[in-house]
Amino acid sequence: MKTQQTPGSVRRMPLIAAATGATPSRRPIWFMRQAGRSLPEYRAIRADRGMLESCFDADLLAEITLQPVRRHGVDAAILFSDIVVPLRAAGIDLDIVAGTGPVIASPVRDRGAVEAIPRLIPGEVGSIATGIGTILGELPEDTALIGFAGAPFTLASYLVEGGPSRTYERTKALMHGDPQIWERLLAALADITITFLRVQLDAGVHAVQLFDSWAGALSLADYRRFVAPQTRRVLAEVAEYGRPRIHFGVGTGELLHEMGAVGADVVGVDWRIPLDDAARRVGPGKALQGNIDPSILSAPWEVVEAEVRRVLAEGEAAVAAGATGHIVNLGHGVLPSTDPDVLTRIVELVHTA
Ligand code: CP3
């Protein structure tokens, strides 16, 4: 068993305290997609390098992960990577195309393709473990490092559709048309996700976030039947590390209870639902993360400030309604057009409010 005693210095990190039901020394905040195109220093370092190439270069991924910590003073770094990185590492032919997202060379739509999905061997993501070691050596002592992976459903949606989708038509056709093959597909992806998360946890990340970004496309009944079992397995397989497991999706208002019940310690909420309402839906005993509307960050500062104060007040109401803590974040990722100075100002506001 890997069950480890979490050192006091880690338990006292504001993000870890808020995620584990303790009282943080200040309100923790970080931003999904904080390492990326909103930062000029990111654009400069990526100017002559591909996205995937950067994700497998230990020095580069460490540097990009640290950039937003230095600039904004956020309470967590999130590993610079992508949800398709472990699929690529395992040998699936895919690329990340600027402005589009992941594109799969041969979409997975039948039994043969599902059976050909490789397993991930830890050594195939060895450079990422090396990069994590570098990051841990450089992070301020109160700043947590969050590792992450894509949840089986969101990964499956890219593999089946061949790229991003608005309707998930082929994914749902496979799920309902051949539930047995669907289950095998999700199980194979869960295996890859478990291995990738374990590599990151073994390398020392302080928390993990499981992104089921597109789960909100599903009905509650479909989520329960076709998605929850393998997501539950992923979260259970990393429970022994005793480190917070954050679970996030977009448009998941009707799924929030299930997304907590599959084994999350922290449930991510987008901007569509007030945090106190989300706390009642999730039920007691879990912390919440969110939910500043990323599109509002381009409005005048007074508007941004009001949005941040709304989130802080609703975060307090969420705790009164049974949530064990609140981690301030956006309801989805930073948009590339966001002025990074606005992000820095939000961090200052949250830390001093
Ligand atoms: O700062 C961070 O949050 C860490 C880095 C991170 C990236 N991808 C880097 C990235 C994280 C956590 C992800 C996760 C990810 N990737 C998700 C789940 C989070 C979410 O947004 O819901 C998803 C669905 C993907 C798949 C993906 N990769 C998409 C939809 C895109 C955007 C396509 C585009 O160009 O607009 C990517 C590419 C990607 N991942 C970029 C970055 C920095 C942009 C690539 C570039 O800079 O050229």
# chains A, B, ... in the order shown; residues from 1 in each chain; ligands from 1
call {"tool": "residues_around", "arguments": {"residues": "stretch 50-61 of chain A", "least_positions_apart": "4", "cutoff": "12 Å", "atoms": "only C-alpha atoms", "output": "compact mmCIF listing (two decimals) with N, CA and C atoms, in the first residue's frame"}}
result
# COMPACT_ATOMS: atom_id res chain seq x y z
N ALA A 35 -1.55 28.17 -17.41
CA ALA A 35 -0.31 28.03 -18.18
C ALA A 35 -0.70 27.94 -19.65
N GLY A 36 -0.56 29.03 -20.35
CA GLY A 36 -1.00 28.96 -21.75
C GLY A 36 -1.02 30.32 -22.42
N ARG A 37 -1.87 30.38 -23.43
CA ARG A 37 -1.74 31.48 -24.40
C ARG A 37 -2.08 32.87 -23.90
N TYR A 42 4.67 32.57 -22.27
CA TYR A 42 4.32 31.25 -22.83
C TYR A 42 4.41 31.30 -24.35
N ARG A 43 3.83 32.34 -24.95
CA ARG A 43 3.86 32.44 -26.41
C ARG A 43 5.30 32.48 -26.91
N ALA A 44 6.17 33.18 -26.16
CA ALA A 44 7.58 33.29 -26.59
C ALA A 44 8.25 31.92 -26.55
N ILE A 45 8.03 31.17 -25.49
CA ILE A 45 8.73 29.89 -25.34
C ILE A 45 8.17 28.84 -26.31
N ARG A 46 6.90 29.00 -26.70
CA ARG A 46 6.25 28.05 -27.62
C ARG A 46 6.38 28.44 -29.09
N THR A 65 4.93 25.41 -16.58
CA THR A 65 4.11 25.21 -15.37
C THR A 65 4.37 26.31 -14.35
N LEU A 66 5.64 26.73 -14.23
CA LEU A 66 6.01 27.71 -13.20
C LEU A 66 5.68 29.15 -13.60
N GLN A 67 5.54 29.42 -14.91
CA GLN A 67 5.32 30.81 -15.36
C GLN A 67 4.15 31.50 -14.65
N ALA A 77 0.10 25.40 -8.89
CA ALA A 77 0.54 25.23 -10.27
C ALA A 77 -0.23 24.04 -10.81
N ILE A 78 -0.61 24.08 -12.08
CA ILE A 78 -1.13 22.86 -12.70
C ILE A 78 -0.12 22.43 -13.75
N LEU A 79 0.18 21.15 -13.70
CA LEU A 79 1.17 20.59 -14.62
C LEU A 79 0.84 21.00 -16.05
N PHE A 80 1.82 21.50 -16.78
CA PHE A 80 1.59 21.81 -18.19
C PHE A 80 1.63 20.51 -18.97
N SER A 81 0.48 20.14 -19.50
CA SER A 81 0.35 18.91 -20.27
C SER A 81 -0.96 19.02 -21.04
N ASP A 82 -1.52 17.92 -21.45
CA ASP A 82 -2.84 17.94 -22.09
C ASP A 82 -3.49 16.58 -21.84
N ILE A 83 -4.81 16.53 -21.92
CA ILE A 83 -5.48 15.26 -21.64
C ILE A 83 -5.10 14.17 -22.65
N VAL A 84 -4.66 14.55 -23.87
CA VAL A 84 -4.31 13.51 -24.84
C VAL A 84 -2.85 13.06 -24.74
N VAL A 85 -2.06 13.68 -23.87
CA VAL A 85 -0.64 13.33 -23.76
C VAL A 85 -0.43 11.84 -23.42
N PRO A 86 -1.15 11.26 -22.44
CA PRO A 86 -0.91 9.83 -22.17
C PRO A 86 -1.35 8.93 -23.32
N LEU A 87 -2.35 9.36 -24.10
CA LEU A 87 -2.77 8.56 -25.26
C LEU A 87 -1.64 8.55 -26.31
N ARG A 88 -1.07 9.73 -26.54
CA ARG A 88 0.05 9.86 -27.48
C ARG A 88 1.24 9.02 -26.99
N ALA A 89 1.51 9.14 -25.68
CA ALA A 89 2.64 8.40 -25.10
C ALA A 89 2.46 6.90 -25.28
N ASP A 93 -1.91 7.54 -32.55
CA ASP A 93 -1.49 8.58 -33.48
C ASP A 93 -2.46 9.75 -33.41
N LEU A 94 -1.99 10.86 -32.86
CA LEU A 94 -2.84 12.05 -32.74
C LEU A 94 -1.95 13.28 -32.68
N ASP A 95 -2.58 14.44 -32.87
CA ASP A 95 -1.85 15.70 -32.77
C ASP A 95 -2.75 16.73 -32.09
N ILE A 96 -2.13 17.80 -31.59
CA ILE A 96 -2.92 18.91 -31.07
C ILE A 96 -2.75 20.06 -32.06
N VAL A 97 -3.84 20.44 -32.71
CA VAL A 97 -3.80 21.43 -33.76
C VAL A 97 -4.23 22.78 -33.18
N ALA A 98 -3.39 23.79 -33.37
CA ALA A 98 -3.67 25.12 -32.80
C ALA A 98 -5.03 25.61 -33.28
N GLY A 99 -5.84 26.09 -32.35
CA GLY A 99 -7.15 26.64 -32.70
C GLY A 99 -8.23 25.58 -32.86
N GLY A 101 -7.69 21.84 -31.42
CA GLY A 101 -7.60 20.91 -30.30
C GLY A 101 -7.08 19.57 -30.78
N PRO A 102 -7.33 18.51 -30.02
CA PRO A 102 -6.80 17.19 -30.39
C PRO A 102 -7.45 16.67 -31.67
N VAL A 103 -6.62 16.11 -32.56
CA VAL A 103 -7.12 15.48 -33.79
C VAL A 103 -6.53 14.06 -33.85
N GLY A 123 7.18 4.21 -18.11
CA GLY A 123 8.38 4.79 -18.71
C GLY A 123 8.08 5.69 -19.90
N GLU A 124 6.93 5.48 -20.54
CA GLU A 124 6.59 6.30 -21.71
C GLU A 124 6.26 7.74 -21.33
N VAL A 125 6.00 7.98 -20.05
CA VAL A 125 5.78 9.36 -19.57
C VAL A 125 6.85 9.73 -18.53
N GLY A 126 8.03 9.10 -18.68
CA GLY A 126 9.13 9.34 -17.73
C GLY A 126 9.58 10.79 -17.70
N SER A 127 9.56 11.45 -18.89
CA SER A 127 10.03 12.85 -18.91
C SER A 127 9.08 13.74 -18.11
N ILE A 128 7.81 13.34 -18.02
CA ILE A 128 6.85 14.14 -17.25
C ILE A 128 7.14 13.99 -15.75
N ALA A 129 7.48 12.78 -15.34
CA ALA A 129 7.87 12.58 -13.93
C ALA A 129 9.12 13.41 -13.61
N THR A 130 10.06 13.45 -14.55
CA THR A 130 11.28 14.25 -14.35
C THR A 130 10.92 15.73 -14.21
N GLY A 131 10.04 16.20 -15.08
CA GLY A 131 9.62 17.60 -15.03
C GLY A 131 8.94 17.94 -13.70
N ILE A 132 8.15 17.01 -13.19
CA ILE A 132 7.46 17.22 -11.90
C ILE A 132 8.51 17.41 -10.79
N GLY A 133 9.57 16.61 -10.84
CA GLY A 133 10.64 16.75 -9.85
C GLY A 133 11.25 18.15 -9.90
N THR A 134 11.47 18.66 -11.10
CA THR A 134 12.04 20.00 -11.25
C THR A 134 11.09 21.05 -10.68
N ILE A 135 9.81 20.92 -11.00
CA ILE A 135 8.81 21.89 -10.53
C ILE A 135 8.78 21.90 -9.00
call {"tool": "residues_around", "arguments": {"residues": "A:Trp301", "least_positions_apart": "3", "cutoff": "12 Å", "atoms": "only C-alpha atoms", "output": "PyMOL selection string"}}
result
chain A and resi 296-298+304-308+339+341-343+345-346+349
call {"tool": "write_last_selection", "arguments": {"atoms": "N, CA and C atoms", "output": "tab-separated table (two decimals), in the first residue's frame"}}
result
chain	number	residue	atom	x	y	z
A	296	ILE	N	-16.22	36.96	-18.54
A	296	ILE	CA	-16.42	38.27	-17.90
A	296	ILE	C	-15.09	38.99	-17.66
A	297	LEU	N	-13.98	38.26	-17.74
A	297	LEU	CA	-12.69	38.88	-17.43
A	297	LEU	C	-12.29	39.95	-18.44
A	298	SER	N	-12.97	40.01	-19.57
A	298	SER	CA	-12.67	41.07	-20.55
A	298	SER	C	-13.49	42.33	-20.31
A	304	VAL	N	-15.52	42.89	-13.25
A	304	VAL	CA	-14.75	41.71	-12.84
A	304	VAL	C	-14.75	41.60	-11.32
A	305	GLU	N	-14.52	42.74	-10.67
A	305	GLU	CA	-14.48	42.73	-9.21
A	305	GLU	C	-15.81	42.26	-8.62
A	306	ALA	N	-16.91	42.74	-9.20
A	306	ALA	CA	-18.23	42.33	-8.71
A	306	ALA	C	-18.43	40.82	-8.90
A	307	GLU	N	-17.96	40.31	-10.04
A	307	GLU	CA	-18.08	38.86	-10.30
A	307	GLU	C	-17.26	38.06	-9.28
A	308	VAL	N	-16.05	38.54	-8.99
A	308	VAL	CA	-15.19	37.83	-8.01
A	308	VAL	C	-15.84	37.88	-6.64
A	339	ASP	N	-6.44	39.41	-20.52
A	339	ASP	CA	-5.29	40.23	-20.10
A	339	ASP	C	-4.71	39.60	-18.83
A	341	ASP	N	-2.81	40.72	-16.64
A	341	ASP	CA	-2.82	41.61	-15.46
A	341	ASP	C	-4.15	41.49	-14.69
A	342	VAL	N	-5.23	41.19	-15.41
A	342	VAL	CA	-6.52	41.01	-14.73
A	342	VAL	C	-6.45	39.78	-13.82
A	343	LEU	N	-5.79	38.73	-14.29
A	343	LEU	CA	-5.65	37.52	-13.46
A	343	LEU	C	-4.86	37.85	-12.19
A	345	ARG	N	-4.58	40.71	-10.71
A	345	ARG	CA	-5.43	41.54	-9.84
A	345	ARG	C	-6.48	40.70	-9.11
A	346	ILE	N	-7.02	39.71	-9.79
A	346	ILE	CA	-8.02	38.83	-9.15
A	346	ILE	C	-7.37	38.07	-7.98
A	349	LEU	N	-7.06	40.41	-5.12
A	349	LEU	CA	-8.37	40.66	-4.53
A	349	LEU	C	-8.81	39.49	-3.65
call {"tool": "atom_distance", "arguments": {"atom1": "atom CA of A:Glu183", "atom2": "atom CA of A:Ser165"}}
result
20.7 Å
call {"tool": "closest_residue", "arguments": {"among": "A:Tyr158, A:Glu169, A:His351, A:Ile273", "to": "A:Gly73", "atoms": "only C-alpha atoms"}}
result
A:His351
call {"tool": "select_by_dssp", "arguments": {"residues": "stretch 76-246 of chain A", "states": "alpha helix (DSSP H)", "output": "VMD selection string"}}
result
chain A and resid 85 to 90 111 to 115 126 to 138 152 to 161 169 to 177 179 to 203 220 to 222 228 to 237
call {"tool": "select_by_dssp", "arguments": {"residues": "stretch 118-305 of chain A", "states": "strand (DSSP E or B)", "output": "JSON, numbers by chain"}}
result
{"A": [144, 145, 146, 147, 148, 149, 150, 207, 208, 209, 210, 211, 245, 246, 247, 248, 266, 267, 268, 287, 288, 289, 290, 291, 292]}
call {"tool": "write_last_selection", "arguments": {"atoms": "C-alpha atoms", "output": "PDB file, in the first residue's frame"}}
result
ATOM      1  CA  ALA A 144       0.556  23.080  -4.417  1.00  0.00           C
ATOM      2  CA  LEU A 145       1.283  21.214  -7.639  1.00  0.00           C
ATOM      3  CA  ILE A 146      -1.835  19.731  -9.262  1.00  0.00           C
ATOM      4  CA  GLY A 147      -1.431  16.797 -11.612  1.00  0.00           C
ATOM      5  CA  PHE A 148      -4.267  15.877 -13.947  1.00  0.00           C
ATOM      6  CA  ALA A 149      -5.733  13.540 -16.506  1.00  0.00           C
ATOM      7  CA  GLY A 150      -8.758  13.335 -18.761  1.00  0.00           C
ATOM      8  CA  ALA A 207      -3.422  16.850  -5.685  1.00  0.00           C
ATOM      9  CA  VAL A 208      -4.940  15.611  -8.933  1.00  0.00           C
ATOM     10  CA  GLN A 209      -7.759  16.918 -11.095  1.00  0.00           C
ATOM     11  CA  LEU A 210      -9.766  14.592 -13.310  1.00  0.00           C
ATOM     12  CA  PHE A 211     -11.177  16.550 -16.258  1.00  0.00           C
ATOM     13  CA  ARG A 245      -8.979  14.391  -6.012  1.00  0.00           C
ATOM     14  CA  ILE A 246     -10.721  17.237  -7.860  1.00  0.00           C
ATOM     15  CA  HIS A 247     -13.336  16.336 -10.466  1.00  0.00           C
ATOM     16  CA  PHE A 248     -14.468  18.888 -13.042  1.00  0.00           C
ATOM     17  CA  VAL A 266     -13.539  18.433  -4.541  1.00  0.00           C
ATOM     18  CA  VAL A 267     -16.173  19.074  -7.221  1.00  0.00           C
ATOM     19  CA  GLY A 268     -15.535  21.733  -9.888  1.00  0.00           C
ATOM     20  CA  ALA A 287     -15.276  20.946  -1.137  1.00  0.00           C
ATOM     21  CA  LEU A 288     -16.177  23.009  -4.216  1.00  0.00           C
ATOM     22  CA  GLN A 289     -13.990  24.713  -6.814  1.00  0.00           C
ATOM     23  CA  GLY A 290     -15.041  27.571  -9.081  1.00  0.00           C
ATOM     24  CA  ASN A 291     -16.779  29.458 -10.588  1.00  0.00           C
ATOM     25  CA  ILE A 292     -15.838  32.876 -12.048  1.00  0.00           C
TER      26      ILE A 292
END
call {"tool": "residues_around", "arguments": {"residues": "stretch 13-18 of chain A", "least_positions_apart": "6", "cutoff": "6 Å", "atoms": "only C-alpha atoms", "output": "MDAnalysis selection string"}}
result
chainID A and resid 24:25 28 142 325
call {"tool": "atom_distance", "arguments": {"atom1": "atom CA of A:Arg166", "atom2": "atom 15 (C, counted along the ligand's line) of ligand 1"}}
result
15.8 Å
call {"tool": "closest_atom_pairs", "arguments": {"of": "stretch 147-245 of chain A", "to": "stretch 107-115 of chain A", "cutoff": "6 Å", "atoms": "only C-alpha atoms", "output": "JSON lines"}}
result
{"residue": "A:Leu159", "atom": "CA", "partner": "A:Pro107", "partner_atom": "CA", "distance": 5.4}
{"residue": "A:Val160", "atom": "CA", "partner": "A:Val108", "partner_atom": "CA", "distance": 4.8}
{"residue": "A:Gly162", "atom": "CA", "partner": "A:Pro107", "partner_atom": "CA", "distance": 4.7}
{"residue": "A:Leu185", "atom": "CA", "partner": "A:Val114", "partner_atom": "CA", "distance": 5.5}
call {"tool": "atom_distance", "arguments": {"atom1": "atom CA of A:Asp212", "atom2": "atom CA of A:Ile92"}}
result
19.9 Å
